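Visitor: Below is run15.csv; it holds CSV, C-alpha atoms (C1' of nucleotides).
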chain,number,residue,atom,x,y,z
N,1,MET,CA,76.7,32.5,145.5
N,2,ARG,CA,74.8,35.5,146.7
N,3,GLU,CA,74.7,38.8,144.8
N,4,LEU,CA,75.6,41.9,146.7
N,5,PRO,CA,72.3,43.7,147.4
N,6,HIS,CA,71.8,47.2,146.0
N,7,SER,CA,72.0,48.7,149.6
N,8,TRP,CA,75.5,47.3,149.9
N,9,PHE,CA,76.8,50.1,147.7
N,10,ALA,CA,75.1,53.0,149.7
N,11,ASP,CA,78.2,53.9,151.7
N,12,ASP,CA,81.1,56.2,150.8
N,13,ALA,CA,83.5,55.0,148.0
N,14,VAL,CA,86.5,55.0,150.4
N,15,LEU,CA,84.6,52.5,152.6
N,16,ILE,CA,83.3,50.4,149.7
N,17,ALA,CA,86.7,50.1,147.9
N,18,PRO,CA,88.5,47.8,150.5
N,19,LYS,CA,85.3,45.8,151.1
N,20,LEU,CA,85.1,45.0,147.3
N,21,LEU,CA,88.4,43.1,147.6
N,22,GLY,CA,87.9,39.4,147.4
N,23,LYS,CA,84.4,39.8,145.9
N,24,ILE,CA,83.6,37.8,142.7
N,25,VAL,CA,82.7,39.8,139.6
N,26,ARG,CA,80.9,38.1,136.7
N,27,HIS,CA,80.1,39.2,133.2
N,28,GLY,CA,78.5,36.5,131.1
N,29,GLU,CA,80.9,33.5,131.0
N,30,THR,CA,83.8,35.3,132.6
N,31,LEU,CA,84.3,35.2,136.3
N,32,GLY,CA,87.1,36.6,138.6
N,33,ARG,CA,88.1,37.7,142.0
N,34,ILE,CA,88.6,41.4,142.6
N,35,VAL,CA,92.2,42.0,143.9
N,36,GLU,CA,92.7,45.8,143.4
N,37,THR,CA,90.3,48.8,143.6
N,38,GLU,CA,90.5,52.6,143.7
N,39,ALA,CA,88.1,55.0,145.3
N,40,TYR,CA,87.0,58.2,143.6
N,41,THR,CA,84.8,60.9,145.2
N,42,THR,CA,85.2,64.6,144.6
N,43,ASP,CA,89.0,64.8,144.6
N,44,PRO,CA,90.8,66.6,141.8
N,45,ALA,CA,91.7,63.4,140.0
N,46,SER,CA,88.1,62.2,139.9
N,47,HIS,CA,85.5,62.7,137.2
N,48,GLY,CA,83.3,63.5,140.1
N,49,ARG,CA,85.1,66.7,140.9
N,50,VAL,CA,82.6,68.4,138.5
N,51,ILE,CA,79.2,66.9,137.6
N,52,THR,CA,78.9,66.6,133.9
N,53,PRO,CA,76.6,64.4,131.7
N,54,ARG,CA,79.2,61.7,131.9
N,55,SER,CA,79.9,61.9,135.6
N,56,ARG,CA,76.3,62.5,136.7
N,57,ILE,CA,75.9,58.8,137.3
N,58,MET,CA,78.4,59.1,140.2
N,59,GLN,CA,76.0,61.5,141.9
N,60,ASP,CA,72.6,60.1,140.9
N,61,THR,CA,73.1,56.4,141.4
N,62,TYR,CA,74.8,53.8,143.6
N,63,GLY,CA,75.1,50.1,142.8
N,64,HIS,CA,75.4,50.8,139.1
N,65,TRP,CA,78.1,50.3,136.5
N,66,TYR,CA,80.0,53.4,135.4
N,67,VAL,CA,82.0,52.6,132.2
N,68,TYR,CA,84.0,55.2,130.5
N,69,PHE,CA,86.3,55.3,127.5
N,70,THR,CA,89.8,56.8,127.7
N,71,TYR,CA,93.1,57.3,125.8
N,72,GLY,CA,91.2,56.6,122.6
N,73,MET,CA,91.3,52.9,123.1
N,74,HIS,CA,90.6,51.7,126.6
N,75,TYR,CA,87.5,51.2,128.7
N,76,CYS,CA,87.5,51.3,132.5
N,77,ALA,CA,84.7,49.9,134.7
N,78,ASN,CA,83.6,51.4,138.0
N,79,VAL,CA,80.8,50.7,140.5
N,80,THR,CA,78.9,53.7,141.7
N,81,THR,CA,78.6,54.2,145.4
N,82,ASN,CA,77.3,56.6,148.0
N,83,LYS,CA,73.5,57.1,148.4
N,84,VAL,CA,73.8,60.7,149.5
N,85,GLY,CA,76.9,62.0,147.6
N,86,VAL,CA,79.3,61.5,144.7
N,87,GLY,CA,81.4,58.4,144.5
N,88,ALA,CA,82.6,55.4,142.5
N,89,VAL,CA,85.1,52.6,142.9
N,90,LEU,CA,87.4,51.7,139.9
N,91,ILE,CA,88.0,48.0,139.6
N,92,ARG,CA,91.8,48.0,138.8
N,93,ALA,CA,92.6,44.3,138.8
N,94,VAL,CA,90.9,40.9,138.9
N,95,GLU,CA,92.2,37.3,139.3
N,96,PRO,CA,90.7,35.2,136.5
N,97,LEU,CA,88.6,32.2,137.7
N,98,GLU,CA,86.3,31.1,134.9
N,99,GLY,CA,86.1,31.8,131.2
N,100,LEU,CA,89.9,32.0,130.8
N,101,ASN,CA,89.9,30.8,127.2
N,102,LEU,CA,87.5,33.6,126.3
N,103,MET,CA,89.7,36.1,128.2
N,104,ARG,CA,92.8,34.8,126.4
N,105,GLU,CA,91.0,35.3,123.1
N,106,ARG,CA,89.9,38.8,123.8
N,107,ARG,CA,93.3,39.8,125.3
N,108,GLY,CA,95.6,38.0,122.9
N,109,GLN,CA,97.5,36.8,126.0
N,110,LYS,CA,98.1,33.4,127.4
N,111,ASP,CA,99.6,34.2,130.9
N,112,PRO,CA,96.7,34.4,133.4
N,113,ARG,CA,98.6,37.2,135.2
N,114,GLN,CA,98.3,39.4,132.1
N,115,LEU,CA,94.6,38.9,131.5
N,116,ALA,CA,93.1,41.3,134.0
N,117,SER,CA,95.9,42.9,135.9
N,118,GLY,CA,94.9,46.5,135.1
N,119,PRO,CA,91.7,48.5,134.8
N,120,ALA,CA,91.6,48.4,131.0
N,121,LYS,CA,92.9,44.8,130.8
N,122,PHE,CA,90.0,43.8,133.1
N,123,ALA,CA,87.5,45.6,130.9
N,124,GLN,CA,88.9,44.0,127.7
N,125,ALA,CA,89.1,40.5,129.2
N,126,PHE,CA,85.5,40.6,130.5
N,127,GLY,CA,84.1,42.1,127.3
N,128,ILE,CA,83.1,45.4,129.0
N,129,ASN,CA,82.3,48.5,126.9
N,130,LYS,CA,80.1,51.6,127.0
N,131,THR,CA,77.0,49.5,126.3
N,132,GLN,CA,77.3,48.4,130.0
N,133,ASN,CA,77.4,52.0,131.2
N,134,GLY,CA,74.6,52.8,133.6
N,135,LEU,CA,73.4,49.2,134.1
N,136,PRO,CA,72.5,48.1,137.7
N,137,ILE,CA,74.9,45.6,139.3
N,138,GLN,CA,72.8,42.5,138.9
N,139,GLY,CA,72.0,39.6,136.6
N,140,ASP,CA,74.4,39.0,133.7
N,141,PHE,CA,76.9,41.6,134.9
N,142,THR,CA,77.1,41.4,138.7
N,143,ILE,CA,79.2,41.1,141.8
N,144,TYR,CA,78.8,38.2,144.3
N,145,ASP,CA,79.6,38.2,148.0
N,146,ALA,CA,82.7,36.4,149.1
N,147,PRO,CA,84.9,36.6,152.2
N,148,ALA,CA,88.2,38.6,152.0
N,149,PRO,CA,90.8,37.8,154.7
N,150,PRO,CA,91.2,41.3,156.4
N,151,GLU,CA,94.9,40.7,157.0
N,152,GLN,CA,95.5,40.6,153.2
N,153,ILE,CA,94.0,44.0,152.5
N,154,VAL,CA,96.6,46.7,151.9
N,155,ALA,CA,95.8,50.4,151.6
N,156,GLY,CA,97.6,51.9,148.5
N,157,PRO,CA,100.3,54.1,147.8
N,158,ARG,CA,98.0,56.9,146.8
N,159,ILE,CA,98.9,56.8,143.1
N,160,GLY,CA,97.7,59.5,140.8
N,161,ILE,CA,98.6,61.4,137.7
N,162,LYS,CA,98.5,64.9,139.2
N,163,ALA,CA,101.4,65.3,141.5
N,164,GLY,CA,100.7,67.5,144.5
N,165,THR,CA,96.9,67.0,144.4
N,166,GLU,CA,94.7,64.9,146.5
N,167,LEU,CA,95.1,61.4,145.1
N,168,PRO,CA,92.6,58.5,144.9
N,169,TRP,CA,92.5,55.8,147.5
N,170,ARG,CA,93.9,52.5,146.2
N,171,PHE,CA,93.5,49.1,147.8
N,172,TYR,CA,94.8,45.7,146.9
N,173,LEU,CA,95.2,42.2,148.2
N,174,ALA,CA,98.7,41.1,149.3
N,175,ASP,CA,100.2,37.9,148.1
N,176,THR,CA,98.5,37.7,144.7
N,177,PRO,CA,100.4,38.0,141.3
N,178,TYR,CA,97.3,39.5,139.7
N,179,VAL,CA,97.5,43.2,140.9
N,180,SER,CA,98.4,45.9,138.4
N,181,GLY,CA,101.7,47.5,137.9
N,182,ALA,CA,100.4,51.0,138.4
N,183,ARG,CA,102.9,53.8,137.8
N,184,ARG,CA,104.0,56.3,140.4
N,185,PRO,CA,103.4,60.1,139.8
N,186,LYS,CA,105.9,61.5,137.2
N,187,SER,CA,107.2,64.1,139.7
N,188,ALA,CA,106.7,64.9,143.3
B,1,DT,C1',83.5,74.9,116.5
B,2,DA,C1',88.2,74.0,117.8
B,3,DC,C1',91.3,72.5,121.0
B,4,DT,C1',93.3,69.9,124.9
B,5,DG,C1',94.4,66.1,127.5
B,6,DG,C1',93.3,61.7,129.7
B,7,DA,C1',91.4,56.9,136.4
B,8,DT,C1',96.1,53.0,130.1
B,9,DT,C1',98.8,49.7,127.8
B,10,DC,C1',102.4,48.1,125.1
B,11,DA,C1',106.6,48.2,122.3
B,12,DC,C1',110.9,49.7,122.2
B,13,DT,C1',115.5,51.5,124.0
X,1,DG,C1',112.6,54.8,131.3
X,2,DT,C1',110.1,56.8,127.3
X,3,DG,C1',106.8,57.6,123.9
X,4,DA,C1',103.1,56.3,120.7
X,5,DA,C1',98.4,54.9,119.8
X,6,DT,C1',93.7,57.0,119.3
X,7,DC,C1',89.0,59.2,120.2
X,8,DC,C1',86.0,61.5,122.9
X,9,DA,C1',84.4,64.5,127.0
X,10,DG,C1',85.0,68.8,128.7
X,11,DT,C1',86.0,73.5,128.1
X,12,DA,C1',86.4,77.9,126.0
X,13,DA,C1',85.2,80.9,122.5
Just give me the structure as structure tokens.
Guide:
Amino acid sequence: MRELPHSWFADDAVLIAPKLLGKIVRHGETLGRIVETEAYTTDPASHGRVITPRSRIMQDTYGHWYVYFTYGMHYCANVTTNKVGVGAVLIRAVEPLEGLNLMRERRGQKDPRQLASGPAKFAQAFGINKTQNGLPIQGDFTIYDAPAPPEQIVAGPRIGIKAGTELPWRFYLADTPYVSGARRPKSA
DNA sequence: TACTGGATTCACT
DNA sequence: GTGAATCCAGTAA
């Protein structure tokens, strides 16, 4: 398999997010197919709306991992994008392909559909934490090229936590049981 | 220095 | 459908 070259991540996050579907992500022994993504740029729901020490990586790099810690217990993994601006794509769900026993051990779950069907589930199953933050997408923690049938790519509902604001762009593959059960906004 | 709330998940009703 | 868990980045003072 061929690794995605650094230049592949130079475009805007909203363009990269659907193109990531079907690609193969690997961290060590764990391997899976990306089935759900979400694009963040400078919208109100994004860390990139204000550049801080944490979010600076969204502005300063592309083709790197941006891993952050949230809700006191979860990690989420993004790829940074956009050579000339601010952007990142959150990996929301992955279909497990290799290293399932290791994922089951890390997750405490047997059902393959419960191993990586959510951004924090993916991070836990693949052993991702803040030590991976800022690493380039290559080597031991990388993404391989793979074809994604265009007819299976679905553009979101634009789910977000702040009703009435500009929401992130979410994309997923149809006809897989491995996508997340993302919640709708609490109120319209 | 103190406070607030979160790009989530899970258990429970 | 609802709420708890849990800690850190960001913000205001």
Visitor: Residues within 8 Å of region 3-12 of chain B, please, as a list in words. Count only C-alpha atoms (C1' of nucleotides); anything in the same chain fewer than 3 positions from it doesn't count.
Guide: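 Listing them by chain and then by number gives Ala45, Ser46, Thr70, Tyr71, His74, Cys76, Leu90, Pro119 and Ala120 of chain N.
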Visitor: Using only C-alpha atoms (C1' of nucleotides), which protein or nucleic acid residues come within 7 Å of region 174-176 of chain N? Drop anything in the same chain fewer than 2 positions from it, and give the result as a PyMOL selection string.
Guide: chain N and resi 152-154+172+178-179
Visitor: Would you list which chain N residues are within 12 Å of chain B using only C-alpha atoms (C1' of nucleotides), as a PyMOL selection string?
Guide: chain N and resi 37-41+43-48+66-78+88-92+107+114+116-124+159-162+167-170+180-183
Visitor: Can you measure CA of Leu97 (chain N) to CA of Leu20 (chain N) for me? One decimal in Å is fine.
Guide: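 Going from CA of Leu97 (chain N) over to CA of Leu20 (chain N), I get 16.4 Å.
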Visitor: Select all residues from chain X having any atom no more than 8 Å from an atom of chain N (counting all atoms listed in the file, ignoring ligands), output as a list in words.
Guide: DA5, DT6, DC7, DC8 and DA9 of chain X
Visitor: Taking into account all atoms listed in the file, which residue in the set N:Pro96, N:Gly134, N:Gly22, N:Gly108 is nearest to Met58 (chain N)?
Guide: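 Once distances to Met58 (chain N) are computed over all atoms listed in the file, the minimum belongs to N:Gly134.
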Visitor: Using the partial input, fill out region 143-159 of chain N with N, CA, C and O atoms; write the result as an mmCIF file, in the coordinates of the input.
Guide:
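Dumped to rebuild_35.cif:
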data_model
loop_
_atom_site.group_PDB
_atom_site.id
_atom_site.type_symbol
_atom_site.label_atom_id
_atom_site.label_comp_id
_atom_site.auth_asym_id
_atom_site.auth_seq_id
_atom_site.Cartn_x
_atom_site.Cartn_y
_atom_site.Cartn_z
ATOM 1 N N ILE N 143 78.136 41.329 140.865
ATOM 2 C CA ILE N 143 79.200 41.100 141.800
ATOM 3 C C ILE N 143 78.582 40.188 142.946
ATOM 4 O O ILE N 143 77.527 40.515 143.487
ATOM 5 N N TYR N 144 79.284 39.071 143.256
ATOM 6 C CA TYR N 144 78.800 38.200 144.300
ATOM 7 C C TYR N 144 79.629 38.389 145.586
ATOM 8 O O TYR N 144 80.800 38.755 145.548
ATOM 9 N N ASP N 145 78.951 38.122 146.698
ATOM 10 C CA ASP N 145 79.600 38.200 148.000
ATOM 11 C C ASP N 145 80.610 37.094 148.167
ATOM 12 O O ASP N 145 80.403 35.997 147.668
ATOM 13 N N ALA N 146 81.715 37.407 148.841
ATOM 14 C CA ALA N 146 82.700 36.400 149.100
ATOM 15 C C ALA N 146 83.600 36.977 150.249
ATOM 16 O O ALA N 146 83.792 38.184 150.321
ATOM 17 N N PRO N 147 84.115 36.134 151.128
ATOM 18 C CA PRO N 147 84.900 36.600 152.200
ATOM 19 C C PRO N 147 86.315 37.076 151.719
ATOM 20 O O PRO N 147 86.870 36.461 150.811
ATOM 21 N N ALA N 148 86.839 38.146 152.308
ATOM 22 C CA ALA N 148 88.200 38.600 152.000
ATOM 23 C C ALA N 148 88.957 38.594 153.340
ATOM 24 O O ALA N 148 88.548 39.253 154.270
ATOM 25 N N PRO N 149 90.044 37.831 153.431
ATOM 26 C CA PRO N 149 90.800 37.800 154.700
ATOM 27 C C PRO N 149 91.331 39.241 154.967
ATOM 28 O O PRO N 149 92.126 39.776 154.183
ATOM 29 N N PRO N 150 90.871 39.860 156.091
ATOM 30 C CA PRO N 150 91.200 41.300 156.400
ATOM 31 C C PRO N 150 92.705 41.507 156.403
ATOM 32 O O PRO N 150 93.167 42.572 156.008
ATOM 33 N N GLU N 151 93.491 40.501 156.847
ATOM 34 C CA GLU N 151 94.900 40.700 157.000
ATOM 35 C C GLU N 151 95.610 40.853 155.618
ATOM 36 O O GLU N 151 96.745 41.288 155.533
ATOM 37 N N GLN N 152 94.899 40.499 154.535
ATOM 38 C CA GLN N 152 95.500 40.600 153.200
ATOM 39 C C GLN N 152 95.207 41.940 152.527
ATOM 40 O O GLN N 152 95.732 42.220 151.460
ATOM 41 N N ILE N 153 94.340 42.769 153.142
ATOM 42 C CA ILE N 153 94.000 44.000 152.500
ATOM 43 C C ILE N 153 94.990 45.103 152.807
ATOM 44 O O ILE N 153 95.275 45.393 153.964
ATOM 45 N N VAL N 154 95.565 45.673 151.753
ATOM 46 C CA VAL N 154 96.600 46.700 151.900
ATOM 47 C C VAL N 154 96.053 48.002 151.313
ATOM 48 O O VAL N 154 95.470 48.018 150.235
ATOM 49 N N ALA N 155 96.239 49.100 152.049
ATOM 50 C CA ALA N 155 95.800 50.400 151.600
ATOM 51 C C ALA N 155 97.015 51.035 150.815
ATOM 52 O O ALA N 155 98.076 51.231 151.391
ATOM 53 N N GLY N 156 96.833 51.305 149.590
ATOM 54 C CA GLY N 156 97.600 51.900 148.500
ATOM 55 C C GLY N 156 98.998 52.280 148.750
ATOM 56 O O GLY N 156 99.194 52.416 149.803
ATOM 57 N N PRO N 157 99.863 52.696 147.939
ATOM 58 C CA PRO N 157 100.300 54.100 147.800
ATOM 59 C C PRO N 157 99.220 54.852 147.066
ATOM 60 O O PRO N 157 98.545 54.278 146.212
ATOM 61 N N ARG N 158 99.045 56.115 147.379
ATOM 62 C CA ARG N 158 98.000 56.900 146.800
ATOM 63 C C ARG N 158 98.457 57.400 145.409
ATOM 64 O O ARG N 158 98.896 58.528 145.257
ATOM 65 N N ILE N 159 98.355 56.513 144.406
ATOM 66 C CA ILE N 159 98.900 56.800 143.100
ATOM 67 C C ILE N 159 97.923 57.685 142.295
ATOM 68 O O ILE N 159 96.734 57.470 142.311
#
